[in-house]
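Only one structure is covered here, and it is reproduced in the block below.
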Amino acid sequence: MWNLQKYKNNIAIITEENKKITYNELDLYCTNLTKNIKKRCLVFNLCRNEIGSLAGYVGFLNSKTVPLLLSADLDEELLLNCIETYKPDYINLPSELRDKFNYDCIYENLNYSLLKTPYNNEYPLYEDLALLLTTSGSTGSPKLVRQSYKNIKVNTESIIKFLKINENERAITTLPMTYTYGLSVINTHLYSGASIILTEKGLMQEEFWKQLKENNATSLAGVPYTYEMLERLKFFRMNLPSINYLTQSGGKLPFELHKNFSRWAKDNNKKFIVMYGMTEATARIAYLPNEKSQEKYGSIGISIPGGRLSLIDDDNNEITTPNTRGEIVYKGDNVTLGYAQKGEDLIKGDERFSILKTGDIGTFDEDGYFYIVGRKKRFLKIFGNRVNLDETENIIKSYFKNIQCACCGVDDEMHIYITNSLLKEEVLSYLSQKTGLNKSAFKIFIINEIPKNEAGKIMYKNLEPVSV
Amino acid sequence: MSDTEKYIKAFTSSFNVKPKDVKNLKYESIDEWNSVGHMSLISAIEKNFNIMLESSDIISFNSYEKGKEILKKYNINI
């Protein structure tokens, strides 16, 4: 997958400790790790934006070992549930977390440990299966997206083409590598021989900005919430000469923010590129070229190179008239194989045949630029993650017995209606813990009764006439 | 409300903690104080004292104690 020797003297990684690691050194880290794994099998890679996680990811792909990327901070119960469901042969994780498991450590380097589980090829793996990622990265269900080697390769090449990434780029990480958008930044830079400034620090920390400036980062990637933070930090007044471009994805950017960042880009001779994507399409699906950023506010743009975007009506017929609503459908070789919900699914082949119905409702204008106007399914985008509202209701109902609840809301703010005021704090803490999302993402409302129709279905419109 | 009370209230309302527990708070010392929580805290500070913090002050505001130091620049003594 990765030809690390092609750029062997280039800097691949700059760590938080300001250690510069060449592609040659990265290659060595990878092979020293993966030579402990004798045959193709399943590995859990517990990630942080650290060299140990990255070497695991890169090494496992190169040695045809299939990694599942999970956050190192994942709730313990969810992690155990995932181990139970998929029975991985190995776990690569930060050494400090090693004691949580009763497994033998067979290799340690870079403060990461490779643990051997008692499992040995418990479930057969499909030959083109390269990588497993969680669907929303948050609700913690063991539902995974199955990505092939081809998926990753074609999507990476396409992104490099439209973002024009070359070996002189230095991206700083602003998103976790378990999140497909964050991972695509890593993929495109490694593929191009460019550098990645790895950091666990966030936008609200002094150390992040110090790292960005000292290493002359050339780009930043952000979800809508990132842009709210940047605006809050008076980004437009910061002096960041090394930054060449910003990308945005992970949900619809509020109109004002889109406008302000496009204007900043134009006035400062920088680029601002809005994109659209899904884990189910490896990473990226569409992008709004920088030149069109001001003219087409609110648009997700056009298909990425090599793909095709279209709209279909309720009868699955393609819509050809501009400004007509329909479900957004994407066709391209980056459409992933399908989902896995249990170990037996890992042998499954391609179930989508390059076609993905996104679940987003959109329109296109006379110039063929697409806009998202609604959603077919009930989900919200919270800090860039798709969070399914029905699944969230189920999480609450399965933990709090006999609870009455209904979830709806707007992006970055889920509204949870319950009838028992005594459970308010408990529900909030539990949800935050289970989803890994900050408590501020949830608002709990106490009501007398959850409105239901005669068939017993919750009438969300009666709860929130505006947002539903 | 005194300035100290206003200051403590910014923490208790943003992080759902009790007034007696705020003194040792640092960025990421509790789950709630991450980048998202930080935004709420800064908004609460700005609202409670009717000030606008500079970018450099927002990003260096990384503990209860450090915040007190920063607010001195804005003529607020906790």
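Just so we're on the same page: first chain in the structure tokens is A, next is B, and so on; residues restart at 1 for each chain, and ligands are numbered from 1 in the order they show up.
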Exercise for review: Compile the residues of chain B that lie within 9 Å of chain A, evaluated using only C-alpha atoms, and express the compilation as a ChimeraX atom specification.
Suggested key: /B:14-15,27,31-40,54-56,58-62
Practice item. Quote the spacing between CA of Asp128 (chain A) and CA of Arg40 (chain A) in Å to one decimal place. Key: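 A separation of 11.5 Å between them.
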Check your understanding: Which residue gives the smallest distance to Gly251 (chain A) among A:Phe364, A:Phe353, A:Phe379, A:Tyr191, with only C-alpha atoms counted?
Key -> A:Phe379
Point to revise | helix (DSSP H, G or I) residues, from DSSP on the backbone, in region 29-183 of chain A, as JSON, numbers by chain | key: {"A": [29, 30, 31, 32, 33, 34, 51, 52, 53, 54, 55, 56, 57, 58, 59, 60, 61, 62, 76, 77, 78, 79, 80, 81, 82, 83, 84, 85, 86, 95, 96, 97, 98, 99, 100, 149, 150, 151, 152, 153, 154, 155, 156, 157, 158, 159, 160, 161, 162, 163, 180, 181, 182, 183]}
Check your understanding: Taking only C-alpha atoms into account, which of B:Asp57, B:Glu46, B:Asp21, B:Glu28 comes nearest Glu69 (chain B)?
Key ->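 That would be B:Asp57, the residue with the smallest distance to Glu69 (chain B).
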Point to revise | Residue list (strand (DSSP E or B), DSSP) for region 157-255 of chain A, as a list in words | key: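 Selecting the strand (DSSP E or B) positions of region 157-255 of chain A gives Arg170, Ala171, Ile172, Ser195, Ile196, Ile197, Ser219, Leu220, Ala221, Gly222, Tyr245, Leu246, Thr247 and Gln248 of chain A.
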Store the residues picked out above in a file with C-alpha atoms, as a PDB file, in the first residue's frame.
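Listed below is the output, out19.pdb:
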ATOM      1  CA  ARG A 170       3.061  19.524   6.030  1.00  0.00           C
ATOM      2  CA  ALA A 171      -0.381  18.857   7.475  1.00  0.00           C
ATOM      3  CA  ILE A 172      -0.985  19.168  11.208  1.00  0.00           C
ATOM      4  CA  SER A 195       5.027  15.355   6.240  1.00  0.00           C
ATOM      5  CA  ILE A 196       2.468  14.905   8.985  1.00  0.00           C
ATOM      6  CA  ILE A 197       2.751  16.894  12.197  1.00  0.00           C
ATOM      7  CA  SER A 219      -2.800  22.952   5.977  1.00  0.00           C
ATOM      8  CA  LEU A 220      -5.560  22.356   8.495  1.00  0.00           C
ATOM      9  CA  ALA A 221      -8.614  20.113   8.244  1.00  0.00           C
ATOM     10  CA  GLY A 222     -11.755  20.777  10.215  1.00  0.00           C
ATOM     11  CA  TYR A 245      -5.127  25.904   2.541  1.00  0.00           C
ATOM     12  CA  LEU A 246      -7.944  24.773   4.822  1.00  0.00           C
ATOM     13  CA  THR A 247     -10.358  21.932   4.175  1.00  0.00           C
ATOM     14  CA  GLN A 248     -13.769  21.421   5.732  1.00  0.00           C
TER      15      GLN A 248
END
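Of note, CA of Thr324 (chain A) and CA of Asp365 (chain A) are spaced 8.8 Å apart.
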Review point. If you count only C-alpha atoms, which residues fall within 12 Å of Asn75 (chain B), apart from same-chain ones fewer than 6 positions away, as an NGL selection string?
Key: :B and (3 or 49-51 or 68-69)
Exercise for review: Find the distance between CA of Pro305 (chain A) and CA of Gln147 (chain A) and write it in Å to one decimal.
Suggested key: 19.0 Å
Check your understanding: Any idea what's packed within 7 Å of region 149-157 of chain A, counting only C-alpha atoms, ignoring anything in its chain fewer than 3 positions away? Could you give it as number ranges by chain?
Key -> A: 128-130, 160-161, 184, 187-188, 282, 284, 333-336
Exercise for review: Might you pull out every residue within 9 Å of Ala10 (chain B), with only C-alpha atoms counted and same-chain residues fewer than 3 positions away left off, and present them as a list in words?
Suggested key: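 Using only C-alpha atoms, the neighbours found are Glu5, Lys6, Tyr7, Ser13, Ser14, Phe15, Ser40, Leu41, Ile42, Ser43, Ala44, Ile45, Lys47 and Asn48 of chain B.
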Can I get the selection written as a PDB file, in the first residue's frame, with N, CA and C atoms?
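Once everything was written out, this is part-v3.pdb:
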ATOM      1  N   GLU B   5     -17.161  34.924  42.909  1.00  0.00           N
ATOM      2  CA  GLU B   5     -18.346  34.086  42.673  1.00  0.00           C
ATOM      3  C   GLU B   5     -18.645  33.931  41.178  1.00  0.00           C
ATOM      4  N   LYS B   6     -18.509  35.036  40.468  1.00  0.00           N
ATOM      5  CA  LYS B   6     -18.749  34.992  39.011  1.00  0.00           C
ATOM      6  C   LYS B   6     -17.759  34.042  38.333  1.00  0.00           C
ATOM      7  N   TYR B   7     -16.523  34.116  38.816  1.00  0.00           N
ATOM      8  CA  TYR B   7     -15.459  33.284  38.242  1.00  0.00           C
ATOM      9  C   TYR B   7     -15.758  31.797  38.482  1.00  0.00           C
ATOM     10  N   SER B  13     -20.921  26.150  35.842  1.00  0.00           N
ATOM     11  CA  SER B  13     -21.959  26.047  34.811  1.00  0.00           C
ATOM     12  C   SER B  13     -21.432  25.362  33.551  1.00  0.00           C
ATOM     13  N   SER B  14     -20.136  25.506  33.251  1.00  0.00           N
ATOM     14  CA  SER B  14     -19.597  24.894  32.028  1.00  0.00           C
ATOM     15  C   SER B  14     -19.296  23.415  32.202  1.00  0.00           C
ATOM     16  N   PHE B  15     -18.873  23.039  33.391  1.00  0.00           N
ATOM     17  CA  PHE B  15     -18.393  21.663  33.563  1.00  0.00           C
ATOM     18  C   PHE B  15     -19.248  20.815  34.493  1.00  0.00           C
ATOM     19  N   SER B  40     -17.244  26.635  26.033  1.00  0.00           N
ATOM     20  CA  SER B  40     -18.315  27.042  26.952  1.00  0.00           C
ATOM     21  C   SER B  40     -17.723  27.876  28.090  1.00  0.00           C
ATOM     22  N   LEU B  41     -16.575  27.427  28.603  1.00  0.00           N
ATOM     23  CA  LEU B  41     -15.955  28.152  29.715  1.00  0.00           C
ATOM     24  C   LEU B  41     -15.609  29.587  29.307  1.00  0.00           C
ATOM     25  N   ILE B  42     -14.966  29.708  28.146  1.00  0.00           N
ATOM     26  CA  ILE B  42     -14.557  31.043  27.693  1.00  0.00           C
ATOM     27  C   ILE B  42     -15.787  31.937  27.487  1.00  0.00           C
ATOM     28  N   SER B  43     -16.840  31.345  26.891  1.00  0.00           N
ATOM     29  CA  SER B  43     -18.069  32.131  26.693  1.00  0.00           C
ATOM     30  C   SER B  43     -18.626  32.584  28.033  1.00  0.00           C
ATOM     31  N   ALA B  44     -18.611  31.679  29.027  1.00  0.00           N
ATOM     32  CA  ALA B  44     -19.159  32.014  30.338  1.00  0.00           C
ATOM     33  C   ALA B  44     -18.336  33.108  31.007  1.00  0.00           C
ATOM     34  N   ILE B  45     -17.016  33.023  30.901  1.00  0.00           N
ATOM     35  CA  ILE B  45     -16.136  34.052  31.483  1.00  0.00           C
ATOM     36  C   ILE B  45     -16.429  35.403  30.824  1.00  0.00           C
ATOM     37  N   LYS B  47     -19.046  36.375  29.261  1.00  0.00           N
ATOM     38  CA  LYS B  47     -20.383  36.861  29.564  1.00  0.00           C
ATOM     39  C   LYS B  47     -20.459  37.384  31.009  1.00  0.00           C
ATOM     40  N   ASN B  48     -19.937  36.592  31.942  1.00  0.00           N
ATOM     41  CA  ASN B  48     -20.031  36.973  33.352  1.00  0.00           C
ATOM     42  C   ASN B  48     -19.297  38.286  33.666  1.00  0.00           C
TER      43      ASN B  48
END
**Study point:** From B:Ile76, B:Ile8, B:Leu71, B:Leu53, residue lying nearest Leu25 (chain B) [only C-alpha atoms]
**Key:** B:Ile8
